[in-house]
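*Asks:* Structure: model16.pdb, PDB, C-alpha atoms.
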MODEL        1
ATOM      1  CA  MET A   1     105.917  87.244 102.852
ATOM      2  CA  HIS A   2     102.746  86.228 104.702
ATOM      3  CA  ASN A   3      99.524  85.315 102.934
ATOM      4  CA  GLN A   4      97.574  88.251 104.437
ATOM      5  CA  THR A   5     100.169  90.695 103.147
ATOM      6  CA  GLN A   6     100.003  89.126  99.703
ATOM      7  CA  MET A   7      96.197  89.349  99.676
ATOM      8  CA  ASN A   8      96.319  93.017 100.617
ATOM      9  CA  GLN A   9      98.810  93.661  97.830
ATOM     10  CA  LEU A  10      96.598  91.811  95.369
ATOM     11  CA  ARG A  11      93.610  93.998  96.229
ATOM     12  CA  SER A  12      95.601  97.134  95.488
ATOM     13  CA  LEU A  13      96.445  96.292  91.889
ATOM     14  CA  SER A  14      95.390  98.891  89.304
ATOM     15  CA  ARG A  15      96.266  99.039  85.634
ATOM     16  CA  ASN A  16      96.144 102.825  85.577
ATOM     17  CA  ALA A  17      98.726 103.644  88.221
ATOM     18  CA  TRP A  18     102.260 102.732  89.223
ATOM     19  CA  GLN A  19     102.409  99.680  91.455
ATOM     20  CA  PRO A  20     105.217  98.197  93.530
ATOM     21  CA  LEU A  21     106.584  95.042  91.996
ATOM     22  CA  CYS A  22     105.615  92.963  95.012
ATOM     23  CA  ALA A  23     101.960  93.892  94.460
ATOM     24  CA  ALA A  24     102.162  93.071  90.770
ATOM     25  CA  LEU A  25     103.650  89.694  91.613
ATOM     26  CA  ALA A  26     100.981  88.923  94.186
ATOM     27  CA  LEU A  27      99.035  86.564  91.924
ATOM     28  CA  ALA A  28     102.148  84.551  91.224
ATOM     29  CA  LEU A  29     103.071  84.467  94.892
ATOM     30  CA  LEU A  30      99.591  83.388  95.881
ATOM     31  CA  ALA A  31      99.667  80.657  93.266
ATOM     32  CA  GLY A  32     102.841  79.382  94.902
ATOM     33  CA  CYS A  33     101.252  79.351  98.360
ATOM     34  CA  ALA A  34      98.842  76.477  97.778
ATOM     35  CA  THR A  35      99.495  74.088 100.626
ATOM     36  CA  THR A  36      99.133  70.410 101.095
ATOM     37  CA  GLY A  37      96.289  69.046 103.204
ATOM     38  CA  GLN A  38      92.957  68.661 101.485
ATOM     39  CA  GLY A  39      94.552  69.689  98.195
ATOM     40  CA  ALA A  40      97.008  66.826  98.544
ATOM     41  CA  SER A  41      94.181  64.420  97.755
ATOM     42  CA  ASN A  42      93.895  65.840  94.243
ATOM     43  CA  THR A  43      94.866  63.260  91.668
ATOM     44  CA  SER A  44      97.536  64.331  89.234
ATOM     45  CA  SER A  45      95.411  63.171  86.319
ATOM     46  CA  SER A  46      92.531  65.430  87.371
ATOM     47  CA  THR A  47      94.657  68.547  87.786
ATOM     48  CA  THR A  48      96.419  67.796  84.510
ATOM     49  CA  GLN A  49      93.087  67.591  82.706
ATOM     50  CA  LEU A  50      91.889  70.847  84.213
ATOM     51  CA  SER A  51      95.150  72.773  83.807
ATOM     52  CA  ALA A  52      95.862  71.699  80.222
ATOM     53  CA  HIS A  53      93.283  74.109  78.775
ATOM     54  CA  HIS A  54      91.785  77.546  79.147
ATOM     55  CA  TRP A  55      88.053  77.056  79.696
ATOM     56  CA  GLN A  56      85.717  79.632  78.127
ATOM     57  CA  LEU A  57      82.083  79.798  79.188
ATOM     58  CA  GLN A  58      79.729  78.934  76.335
ATOM     59  CA  ARG A  59      76.362  78.061  77.856
ATOM     60  CA  VAL A  60      74.565  78.204  81.212
ATOM     61  CA  THR A  61      71.463  76.105  81.934
ATOM     62  CA  ASP A  62      69.226  75.977  85.008
ATOM     63  CA  ALA A  63      68.174  72.889  86.973
ATOM     64  CA  GLN A  64      65.483  72.150  84.362
ATOM     65  CA  GLY A  65      67.986  72.351  81.511
ATOM     66  CA  GLN A  66      66.700  75.697  80.240
ATOM     67  CA  PRO A  67      69.286  78.156  78.812
ATOM     68  CA  GLN A  68      70.089  81.142  81.035
ATOM     69  CA  ASP A  69      71.131  84.452  79.488
ATOM     70  CA  GLY A  70      73.164  87.218  81.051
ATOM     71  CA  TRP A  71      76.337  85.276  81.793
ATOM     72  CA  GLN A  72      78.515  86.838  79.104
ATOM     73  CA  PRO A  73      80.177  90.287  79.045
ATOM     74  CA  ALA A  74      78.805  92.732  76.485
ATOM     75  CA  GLY A  75      81.073  93.973  73.701
ATOM     76  CA  SER A  76      82.250  97.567  73.444
ATOM     77  CA  ASN A  77      83.505  99.909  70.720
ATOM     78  CA  GLY A  78      82.184  97.583  68.054
ATOM     79  CA  GLN A  79      84.321  94.702  69.329
ATOM     80  CA  PRO A  80      82.802  91.387  70.456
ATOM     81  CA  ALA A  81      83.248  90.571  74.124
ATOM     82  CA  ARG A  82      85.555  87.817  75.263
ATOM     83  CA  PRO A  83      83.748  85.063  77.184
ATOM     84  CA  VAL A  84      84.346  84.474  80.877
ATOM     85  CA  GLN A  85      87.466  82.301  81.142
ATOM     86  CA  LEU A  86      88.516  79.866  83.872
ATOM     87  CA  ASP A  87      92.082  78.672  84.344
ATOM     88  CA  PHE A  88      93.050  75.921  86.786
ATOM     89  CA  SER A  89      96.702  75.769  87.849
ATOM     90  CA  GLN A  90      98.534  72.573  88.773
ATOM     91  CA  ASN A  91      99.008  73.827  92.339
ATOM     92  CA  GLY A  92      95.341  74.293  93.185
ATOM     93  CA  MET A  93      94.559  77.878  92.136
ATOM     94  CA  LEU A  94      91.627  78.938  89.949
ATOM     95  CA  SER A  95      91.678  82.287  88.139
ATOM     96  CA  VAL A  96      88.773  83.913  86.311
ATOM     97  CA  THR A  97      89.436  86.529  83.621
ATOM     98  CA  ASN A  98      87.657  88.668  80.995
ATOM     99  CA  LEU A  99      85.609  90.434  83.642
ATOM    100  CA  CYS A 100      86.391  93.788  85.234
ATOM    101  CA  ASN A 101      88.822  92.354  87.789
ATOM    102  CA  GLN A 102      90.619  89.049  87.976
ATOM    103  CA  LEU A 103      89.063  86.610  90.438
ATOM    104  CA  SER A 104      91.185  83.992  92.167
ATOM    105  CA  GLY A 105      90.483  81.152  94.556
ATOM    106  CA  ARG A 106      91.758  77.805  95.694
ATOM    107  CA  TYR A 107      90.177  74.652  94.369
ATOM    108  CA  THR A 108      90.221  71.036  95.477
ATOM    109  CA  VAL A 109      89.187  68.042  93.432
ATOM    110  CA  GLN A 110      88.266  64.515  94.532
ATOM    111  CA  GLY A 111      86.992  62.251  91.806
ATOM    112  CA  SER A 112      84.078  64.046  90.181
ATOM    113  CA  SER A 113      83.760  66.545  93.049
ATOM    114  CA  LEU A 114      85.168  70.057  92.663
ATOM    115  CA  LYS A 115      85.155  72.757  95.319
ATOM    116  CA  VAL A 116      86.272  76.394  95.114
ATOM    117  CA  GLU A 117      86.943  78.491  98.214
ATOM    118  CA  GLN A 118      88.692  81.631  99.458
ATOM    119  CA  MET A 119      87.700  83.655  96.390
ATOM    120  CA  MET A 120      89.399  87.043  96.160
ATOM    121  CA  SER A 121      89.536  89.819  93.620
ATOM    122  CA  THR A 122      91.737  92.629  92.434
ATOM    123  CA  ARG A 123      90.223  96.053  93.155
ATOM    124  CA  ARG A 124      90.172  97.890  89.848
ATOM    125  CA  ALA A 125      87.169 100.163  89.492
ATOM    126  CA  CYS A 126      85.057  99.689  86.356
ATOM    127  CA  LEU A 127      82.703 102.159  84.726
ATOM    128  CA  ASP A 128      80.607  99.311  83.312
ATOM    129  CA  GLU A 129      78.110  98.560  86.076
ATOM    130  CA  ASN A 130      76.742  95.543  84.197
ATOM    131  CA  LEU A 131      80.208  94.010  84.014
ATOM    132  CA  MET A 132      80.743  94.609  87.718
ATOM    133  CA  ALA A 133      77.404  92.953  88.460
ATOM    134  CA  LEU A 134      78.318  89.958  86.286
ATOM    135  CA  GLU A 135      81.644  89.683  88.092
ATOM    136  CA  GLY A 136      79.805  89.450  91.418
ATOM    137  CA  ARG A 137      77.466  86.759  90.076
ATOM    138  CA  VAL A 138      80.324  84.693  88.677
ATOM    139  CA  GLY A 139      82.288  84.866  91.932
ATOM    140  CA  ALA A 140      79.254  83.913  94.022
ATOM    141  CA  GLN A 141      78.294  81.049  91.710
ATOM    142  CA  LEU A 142      81.752  79.514  91.694
ATOM    143  CA  LYS A 143      81.610  79.134  95.466
ATOM    144  CA  GLU A 144      78.579  76.853  94.873
ATOM    145  CA  LEU A 145      80.506  74.549  92.529
ATOM    146  CA  THR A 146      80.074  70.825  93.239
ATOM    147  CA  THR A 147      80.968  68.636  90.244
ATOM    148  CA  TRP A 148      83.010  68.571  87.063
ATOM    149  CA  ARG A 149      83.597  66.363  84.059
ATOM    150  CA  VAL A 150      85.580  66.730  80.853
ATOM    151  CA  LEU A 151      83.705  65.904  77.655
ATOM    152  CA  PRO A 152      86.037  64.754  74.846
ATOM    153  CA  GLN A 153      85.250  66.164  71.410
ATOM    154  CA  GLN A 154      86.259  64.492  68.178
ATOM    155  CA  ASP A 155      89.005  66.403  66.332
ATOM    156  CA  GLN A 156      88.806  69.417  68.627
ATOM    157  CA  ALA A 157      89.574  70.539  72.161
ATOM    158  CA  PRO A 158      87.411  69.051  74.928
ATOM    159  CA  GLN A 159      84.596  70.735  76.802
ATOM    160  CA  LEU A 160      84.204  71.094  80.565
ATOM    161  CA  GLU A 161      80.866  70.687  82.322
ATOM    162  CA  LEU A 162      80.517  72.196  85.800
ATOM    163  CA  GLY A 163      77.613  71.445  88.159
ATOM    164  CA  PHE A 164      76.372  73.625  91.024
ATOM    165  CA  HIS A 165      74.359  73.204  94.230
ATOM    166  CA  ASP A 166      71.251  74.733  92.663
ATOM    167  CA  GLY A 167      71.254  72.170  89.835
ATOM    168  CA  SER A 168      72.472  74.591  87.176
ATOM    169  CA  THR A 169      75.355  73.738  84.845
ATOM    170  CA  TRP A 170      78.048  75.592  82.943
ATOM    171  CA  LEU A 171      79.459  74.317  79.676
ATOM    172  CA  LEU A 172      82.924  75.643  78.823
ATOM    173  CA  GLN A 173      84.962  75.163  75.663
ATOM    174  CA  GLY A 174      88.598  74.209  76.094
ATOM    175  CA  GLN A 175      91.500  75.949  74.379
ATOM    176  CA  PRO A 176      94.974  74.407  74.817
ATOM    177  CA  THR A 177      97.266  76.439  77.052
ATOM    178  CA  HIS A 178     100.671  77.521  75.787
ATOM    179  CA  GLU A 179     102.208  74.934  78.103
ATOM    180  CA  THR A 180     100.170  72.277  76.321
ATOM    181  CA  LEU A 181     100.971  73.642  72.860
ATOM    182  CA  TYR A 182     104.716  74.032  73.422
ATOM    183  CA  GLY A 183     105.355  71.199  75.870
ATOM    184  CA  GLY A 184     106.719  73.154  78.821
ATOM    185  CA  PRO A 185     106.066  75.840  81.435
ATOM    186  CA  GLY A 186     107.879  78.628  79.600
ATOM    187  CA  THR A 187     110.525  81.018  80.885
ATOM    188  CA  ILE A 188     109.599  84.141  82.863
ATOM    189  CA  GLU A 189     111.002  87.452  81.586
ATOM    190  CA  PHE A 190     110.316  91.093  82.466
ATOM    191  CA  TRP A 191     110.280  93.675  79.682
ATOM    192  CA  GLU A 192     109.850  97.411  79.747
ATOM    193  CA  VAL A 193     107.923  98.656  76.714
ATOM    194  CA  ALA A 194     108.508 102.248  75.596
ATOM    195  CA  PRO A 195     105.475 104.522  75.078
ATOM    196  CA  GLN A 196     105.814 104.764  71.311
ATOM    197  CA  ARG A 197     106.479 102.248  68.561
ATOM    198  CA  GLN A 198     109.478 102.909  66.308
ATOM    199  CA  PRO A 199     109.912 102.436  62.535
ATOM    200  CA  CYS A 200     111.667  99.182  61.737
ATOM    201  CA  THR A 201     112.458  97.052  58.722
ATOM    202  CA  GLY A 202     112.004  93.321  58.467
ATOM    203  CA  VAL A 203     110.277  91.542  55.612
ATOM    204  CA  ALA A 204     108.593  94.904  55.031
ATOM    205  CA  PRO A 205     108.700  98.338  56.678
ATOM    206  CA  ALA A 206     106.724  98.339  59.900
ATOM    207  CA  GLU A 207     106.534  99.826  63.378
ATOM    208  CA  CYS A 208     108.051  97.787  66.179
ATOM    209  CA  LEU A 209     107.757  97.831  69.934
ATOM    210  CA  LYS A 210     110.795  99.333  71.642
ATOM    211  CA  VAL A 211     111.684  97.086  74.583
ATOM    212  CA  ARG A 212     114.373  96.374  77.120
ATOM    213  CA  GLN A 213     114.785  93.604  79.657
ATOM    214  CA  VAL A 214     114.370  94.335  83.365
ATOM    215  CA  VAL A 215     115.969  92.213  86.091
ATOM    216  CA  TYR A 216     114.681  92.090  89.680
ATOM    217  CA  ASP A 217     116.189  90.418  92.726
ATOM    218  CA  ARG A 218     114.305  87.933  94.894
ATOM    219  CA  ASN A 219     112.830  90.756  96.978
ATOM    220  CA  GLY A 220     111.333  92.489  93.942
ATOM    221  CA  VAL A 221     113.938  95.257  93.835
ATOM    222  CA  LYS A 222     115.044  96.301  90.356
ATOM    223  CA  GLU A 223     118.672  95.285  89.806
ATOM    224  CA  SER A 224     119.324  96.320  86.230
ATOM    225  CA  THR A 225     117.870  97.139  82.840
ATOM    226  CA  GLY A 226     119.173  96.086  79.449
ATOM    227  CA  ASP A 227     119.668  98.105  76.297
ATOM    228  CA  TRP A 228     116.698  99.269  74.263
ATOM    229  CA  GLN A 229     115.950  97.070  71.257
ATOM    230  CA  LEU A 230     113.306  96.930  68.545
ATOM    231  CA  PHE A 231     111.112  93.867  68.871
ATOM    232  CA  HIS A 232     110.164  92.448  65.457
ATOM    233  CA  GLY A 233     107.011  90.686  66.514
ATOM    234  CA  GLU A 234     104.027  90.917  68.821
ATOM    235  CA  ILE A 235     103.357  89.863  72.393
ATOM    236  CA  GLU A 236     100.327  87.603  72.613
ATOM    237  CA  GLY A 237      97.643  89.070  74.846
ATOM    238  CA  TYR A 238      99.191  92.555  74.878
ATOM    239  CA  ARG A 239      97.632  95.572  73.190
ATOM    240  CA  HIS A 240      99.960  98.546  73.076
ATOM    241  CA  GLU A 241      98.472 101.982  73.738
ATOM    242  CA  PRO A 242     100.534 104.893  72.349
ATOM    243  CA  GLY A 243     101.851 107.130  75.098
ATOM    244  CA  VAL A 244     101.736 104.429  77.776
ATOM    245  CA  ARG A 245     104.924 102.944  79.191
ATOM    246  CA  ASN A 246     104.553  99.445  80.620
ATOM    247  CA  VAL A 247     106.613  96.881  82.453
ATOM    248  CA  LEU A 248     105.366  93.418  81.555
ATOM    249  CA  ARG A 249     105.892  89.981  82.972
ATOM    250  CA  LEU A 250     106.089  87.616  80.010
ATOM    251  CA  LYS A 251     106.295  83.907  79.432
ATOM    252  CA  ARG A 252     108.636  82.848  76.647
ATOM    253  CA  TYR A 253     107.972  79.572  74.844
ATOM    254  CA  GLU A 254     110.105  77.844  72.223
ATOM    255  CA  ARG A 255     108.375  76.665  69.083
ATOM    256  CA  ARG A 256     108.711  73.015  68.187
ATOM    257  CA  GLN A 257     108.549  73.893  64.501
ATOM    258  CA  VAL A 258     109.670  77.368  63.457
ATOM    259  CA  PRO A 259     107.824  78.833  60.439
ATOM    260  CA  ALA A 260     109.815  80.680  57.795
ATOM    261  CA  ASP A 261     110.622  84.290  58.752
ATOM    262  CA  ALA A 262     109.374  83.703  62.315
ATOM    263  CA  SER A 263     111.129  83.815  65.668
ATOM    264  CA  ARG A 264     111.900  80.553  67.416
ATOM    265  CA  TYR A 265     110.246  82.049  70.510
ATOM    266  CA  VAL A 266     106.675  83.014  71.342
ATOM    267  CA  TYR A 267     106.130  85.750  73.947
ATOM    268  CA  VAL A 268     102.899  85.789  75.939
ATOM    269  CA  LEU A 269     101.715  88.472  78.365
ATOM    270  CA  ASP A 270     101.457  87.090  81.892
ATOM    271  CA  LEU A 271     100.945  90.279  83.913
ATOM    272  CA  VAL A 272     101.201  94.071  83.588
ATOM    273  CA  VAL A 273     103.577  94.986  86.426
ATOM    274  CA  GLU A 274     103.680  98.770  85.936
ATOM    275  CA  SER A 275     101.801 101.173  83.696
ATOM    276  CA  GLU A 276     102.317 104.915  83.255
ATOM    277  CA  GLN A 277     100.808 107.502  80.919
ATOM    278  CA  VAL A 278     103.704 109.618  79.685
ATOM    279  CA  GLY A 279     102.390 111.313  76.580
ATOM    280  CA  HIS A 280      99.584 111.608  74.076
TER     281      HIS A 280
ENDMDL
END
Would it be possible to restate this file's structure as structure tokens?
*Replies:*
Amino acid sequence: MHNQTQMNQLRSLSRNAWQPLCAALALALLAGCATTGQGASNTSSSTTQLSAHHWQLQRVTDAQGQPQDGWQPAGSNGQPARPVQLDFSQNGMLSVTNLCNQLSGRYTVQGSSLKVEQMMSTRRACLDENLMALEGRVGAQLKELTTWRVLPQQDQAPQLELGFHDGSTWLLQGQPTHETLYGGPGTIEFWEVAPQRQPCTGVAPAECLKVRQVVYDRNGVKESTGDWQLFHGEIEGYRHEPGVRNVLRLKRYERRQVPADASRYVYVLDLVVESEQVGH
């Protein structure tokens, strides 16, 4: 599949409508398309430092060191907003989340220099005009990125300082990725999640997600589905909405130490492949 086709598929993603699997996998395919060339000069230690953590924006200052407001999403429905988050992959892709759409672009690093280019975005419409405006500012600012440095913190995750052409800086707090926490890349699985939770019994009566595994071939064509099962646990990063059927791409990690009455595996949402409203 050519890069232009993948980019077109990426732009068509929407969480509120059915999508072909190839479109839903576009981000993963694009991440696998990072080529050698300028990116080959990246040192492994630099990409390891950047990719070992999620980086959440904490503070923005101008060229004179004065704090700049307006760089964080506003909360809604009484819930605090999640800060803008940057994730650097080992193969030269940067993704930006917690905005309206997901932004993606290639990055190259040489010593203390950091450059982001070819920024693209999914095309999900948002009712929040302020969030859309912030998304545009973030995308434009990242193309002006010039420098980076990791600031170690005693007894906690490090911070990342980014510098820009206009002299402004971003300070981001690191949070270890699941790969860092569990010592591996995880295993990709696809699950279909039924629209309604079902009563289940574990340590105590509860309501469980009803799930079944989905298998696709290399061309993204569905090959088979497994039997429905009740999942006694939660999927990190996934919030189930009653009446909505989803197909999810998950990453499964194995715990190094398994707590009592807990699964040996941790399941983390990687991407919503399909979503359909089937009831109220």
*Asks:* Distance atom CA of A:Thr146-atom CA of A:Lys115, one decimal place?
*Replies:*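 For atom CA of A:Thr146 relative to atom CA of A:Lys115, the distance reads 5.8 Å.
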*Asks:* Can you translate the PyMOL selection byres ((chain A and resi 222-226) around 12) into the concrete residues it hits in this file, as a list in words?
*Replies:* Pro20, Leu21, Cys22, Glu189, Phe190, Trp191, Glu192, Val193, Lys210, Val211, Arg212, Gln213, Val214, Val215, Tyr216, Asp217, Arg218, Asn219, Gly220, Val221, Asp227, Trp228, Gln229 and Val247 of chain A
*Asks:* Mind dumping the selected residues with C-alpha atoms as a short mmCIF file (atom, residue, chain, number, x, y, z; two decimals), in the frame of the given file?
*Replies:*
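Written out: again-v5.cif:
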data_model
loop_
_atom_site.label_atom_id
_atom_site.label_comp_id
_atom_site.auth_asym_id
_atom_site.auth_seq_id
_atom_site.Cartn_x
_atom_site.Cartn_y
_atom_site.Cartn_z
CA PRO A 20 105.22 98.20 93.53
CA LEU A 21 106.58 95.04 92.00
CA CYS A 22 105.62 92.96 95.01
CA GLU A 189 111.00 87.45 81.59
CA PHE A 190 110.32 91.09 82.47
CA TRP A 191 110.28 93.68 79.68
CA GLU A 192 109.85 97.41 79.75
CA VAL A 193 107.92 98.66 76.71
CA LYS A 210 110.80 99.33 71.64
CA VAL A 211 111.68 97.09 74.58
CA ARG A 212 114.37 96.37 77.12
CA GLN A 213 114.78 93.60 79.66
CA VAL A 214 114.37 94.34 83.36
CA VAL A 215 115.97 92.21 86.09
CA TYR A 216 114.68 92.09 89.68
CA ASP A 217 116.19 90.42 92.73
CA ARG A 218 114.30 87.93 94.89
CA ASN A 219 112.83 90.76 96.98
CA GLY A 220 111.33 92.49 93.94
CA VAL A 221 113.94 95.26 93.84
CA ASP A 227 119.67 98.10 76.30
CA TRP A 228 116.70 99.27 74.26
CA GLN A 229 115.95 97.07 71.26
CA VAL A 247 106.61 96.88 82.45
#
*Asks:* For the provided coordinates, the residues matched by the PyMOL selection byres ((chain A and resi 250) around 9) should be stated as a VMD selection string.
*Replies:* chain A and resid 187 to 191 235 248 to 249 251 to 252 267 to 272
*Asks:* Under the PyMOL selection byres ((chain A and resi 170-175) around 9), which residues of this model are included? Write them out as a PDB file with C-alpha atoms, in the frame of the given file.
*Replies:*
ATOM      1  CA  ALA A  52      95.862  71.699  80.222  1.00  0.00           C
ATOM      2  CA  HIS A  53      93.283  74.109  78.775  1.00  0.00           C
ATOM      3  CA  HIS A  54      91.785  77.546  79.147  1.00  0.00           C
ATOM      4  CA  TRP A  55      88.053  77.056  79.696  1.00  0.00           C
ATOM      5  CA  GLN A  56      85.717  79.632  78.127  1.00  0.00           C
ATOM      6  CA  LEU A  57      82.083  79.798  79.188  1.00  0.00           C
ATOM      7  CA  GLN A  58      79.729  78.934  76.335  1.00  0.00           C
ATOM      8  CA  ARG A  59      76.362  78.061  77.856  1.00  0.00           C
ATOM      9  CA  VAL A  60      74.565  78.204  81.212  1.00  0.00           C
ATOM     10  CA  THR A  61      71.463  76.105  81.934  1.00  0.00           C
ATOM     11  CA  GLN A  85      87.466  82.301  81.142  1.00  0.00           C
ATOM     12  CA  LEU A  86      88.516  79.866  83.872  1.00  0.00           C
ATOM     13  CA  GLN A 156      88.806  69.417  68.627  1.00  0.00           C
ATOM     14  CA  ALA A 157      89.574  70.539  72.161  1.00  0.00           C
ATOM     15  CA  PRO A 158      87.411  69.051  74.928  1.00  0.00           C
ATOM     16  CA  GLN A 159      84.596  70.735  76.802  1.00  0.00           C
ATOM     17  CA  LEU A 160      84.204  71.094  80.565  1.00  0.00           C
ATOM     18  CA  GLU A 161      80.866  70.687  82.322  1.00  0.00           C
ATOM     19  CA  LEU A 162      80.517  72.196  85.800  1.00  0.00           C
ATOM     20  CA  GLY A 163      77.613  71.445  88.159  1.00  0.00           C
ATOM     21  CA  PHE A 164      76.372  73.625  91.024  1.00  0.00           C
ATOM     22  CA  SER A 168      72.472  74.591  87.176  1.00  0.00           C
ATOM     23  CA  THR A 169      75.355  73.738  84.845  1.00  0.00           C
ATOM     24  CA  PRO A 176      94.974  74.407  74.817  1.00  0.00           C
ATOM     25  CA  THR A 177      97.266  76.439  77.052  1.00  0.00           C
TER      26      THR A 177
END
*Asks:* Would you work out the distance separating atom CA of A:Gly237 from atom CA of A:Glu274, expressed in Å to one decimal?
*Replies:*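 These atoms are spaced 15.9 Å apart.
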*Asks:* So what do you get for atom CA of A:Glu144 versus atom CA of A:His178, distance-wise?
*Replies:*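 These two atoms are separated by 29.2 Å.
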*Asks:* Of the candidates A:Val278, A:Ala63, A:Val138, A:Val150, which one gets nearest to A:Asp166 if we count only C-alpha atoms?
*Replies:* A:Ala63
*Asks:* Which is closer to A:Gln90 than all the others in A:Gln196, A:Gln277, A:Gln257, A:Ser46, using all atoms listed in the file?
*Replies:*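 The closest residue to A:Gln90 is A:Ser46.
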*Asks:* If you count all atoms listed in the file, which residues fall within 9 Å of A:Ala81, apart from same-chain ones fewer than 5 positions away, as a list of chain:residue names?
*Replies:*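 Everything that qualifies: A:Gln72, A:Pro73, A:Ala74, A:Gly75, A:Ser76, A:Asn98.
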*Asks:* Using only C-alpha atoms, which of the listed residues (A:Gly167, A:Thr180, A:Thr147, A:Asp155) sits closest to A:Thr48?
*Replies:*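 Looking only at the distances to A:Thr48, the closest residue turns out to be A:Thr180.
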*Asks:* Quick one: of A:Ala260, A:Tyr253, A:Ala140, A:His232, who's nearest to A:Thr201, counting only C-alpha atoms?
*Replies:* A:His232
*Asks:* My structure is short of atoms at stretch 183-199 of chain A; please model N, CA and C atoms there, returning them as a tab-separated table (two decimals), keeping the file's coordinate frame.
*Replies:*
chain	number	residue	atom	x	y	z
A	183	GLY	N	104.74	72.28	75.12
A	183	GLY	CA	105.36	71.20	75.87
A	183	GLY	C	106.23	71.61	77.03
A	184	GLY	N	105.93	72.73	77.68
A	184	GLY	CA	106.72	73.15	78.82
A	184	GLY	C	106.13	74.38	79.48
A	185	PRO	N	106.64	74.72	80.67
A	185	PRO	CA	106.07	75.84	81.44
A	185	PRO	C	106.45	77.22	80.94
A	186	GLY	N	107.43	77.32	80.06
A	186	GLY	CA	107.88	78.63	79.60
A	186	GLY	C	108.85	79.26	80.57
A	187	THR	N	109.54	80.29	80.10
A	187	THR	CA	110.52	81.02	80.89
A	187	THR	C	110.00	82.41	81.19
A	188	ILE	N	110.08	82.83	82.46
A	188	ILE	CA	109.60	84.14	82.86
A	188	ILE	C	110.63	85.21	82.52
A	189	GLU	N	110.17	86.29	81.87
A	189	GLU	CA	111.00	87.45	81.59
A	189	GLU	C	110.22	88.71	81.90
A	190	PHE	N	110.93	89.79	82.25
A	190	PHE	CA	110.32	91.09	82.47
A	190	PHE	C	110.83	92.05	81.40
A	191	TRP	N	109.91	92.71	80.71
A	191	TRP	CA	110.28	93.68	79.68
A	191	TRP	C	109.65	95.02	80.00
A	192	GLU	N	110.41	96.08	79.76
A	192	GLU	CA	109.85	97.41	79.75
A	192	GLU	C	109.54	97.77	78.30
A	193	VAL	N	108.35	98.29	78.06
A	193	VAL	CA	107.92	98.66	76.71
A	193	VAL	C	107.79	100.17	76.66
A	194	ALA	N	108.53	100.80	75.73
A	194	ALA	CA	108.51	102.25	75.60
A	194	ALA	C	107.13	102.73	75.13
A	195	PRO	N	106.82	104.01	75.39
A	195	PRO	CA	105.48	104.52	75.08
A	195	PRO	C	105.11	104.52	73.60
A	196	GLN	N	106.11	104.65	72.74
A	196	GLN	CA	105.81	104.76	71.31
A	196	GLN	C	106.52	103.66	70.52
A	197	ARG	N	105.84	103.15	69.51
A	197	ARG	CA	106.48	102.25	68.56
A	197	ARG	C	107.49	103.03	67.73
A	198	GLN	N	108.44	102.30	67.13
A	198	GLN	CA	109.48	102.91	66.31
A	198	GLN	C	109.48	102.26	64.93
A	199	PRO	N	109.80	103.04	63.87
A	199	PRO	CA	109.91	102.44	62.54
A	199	PRO	C	110.98	101.36	62.52
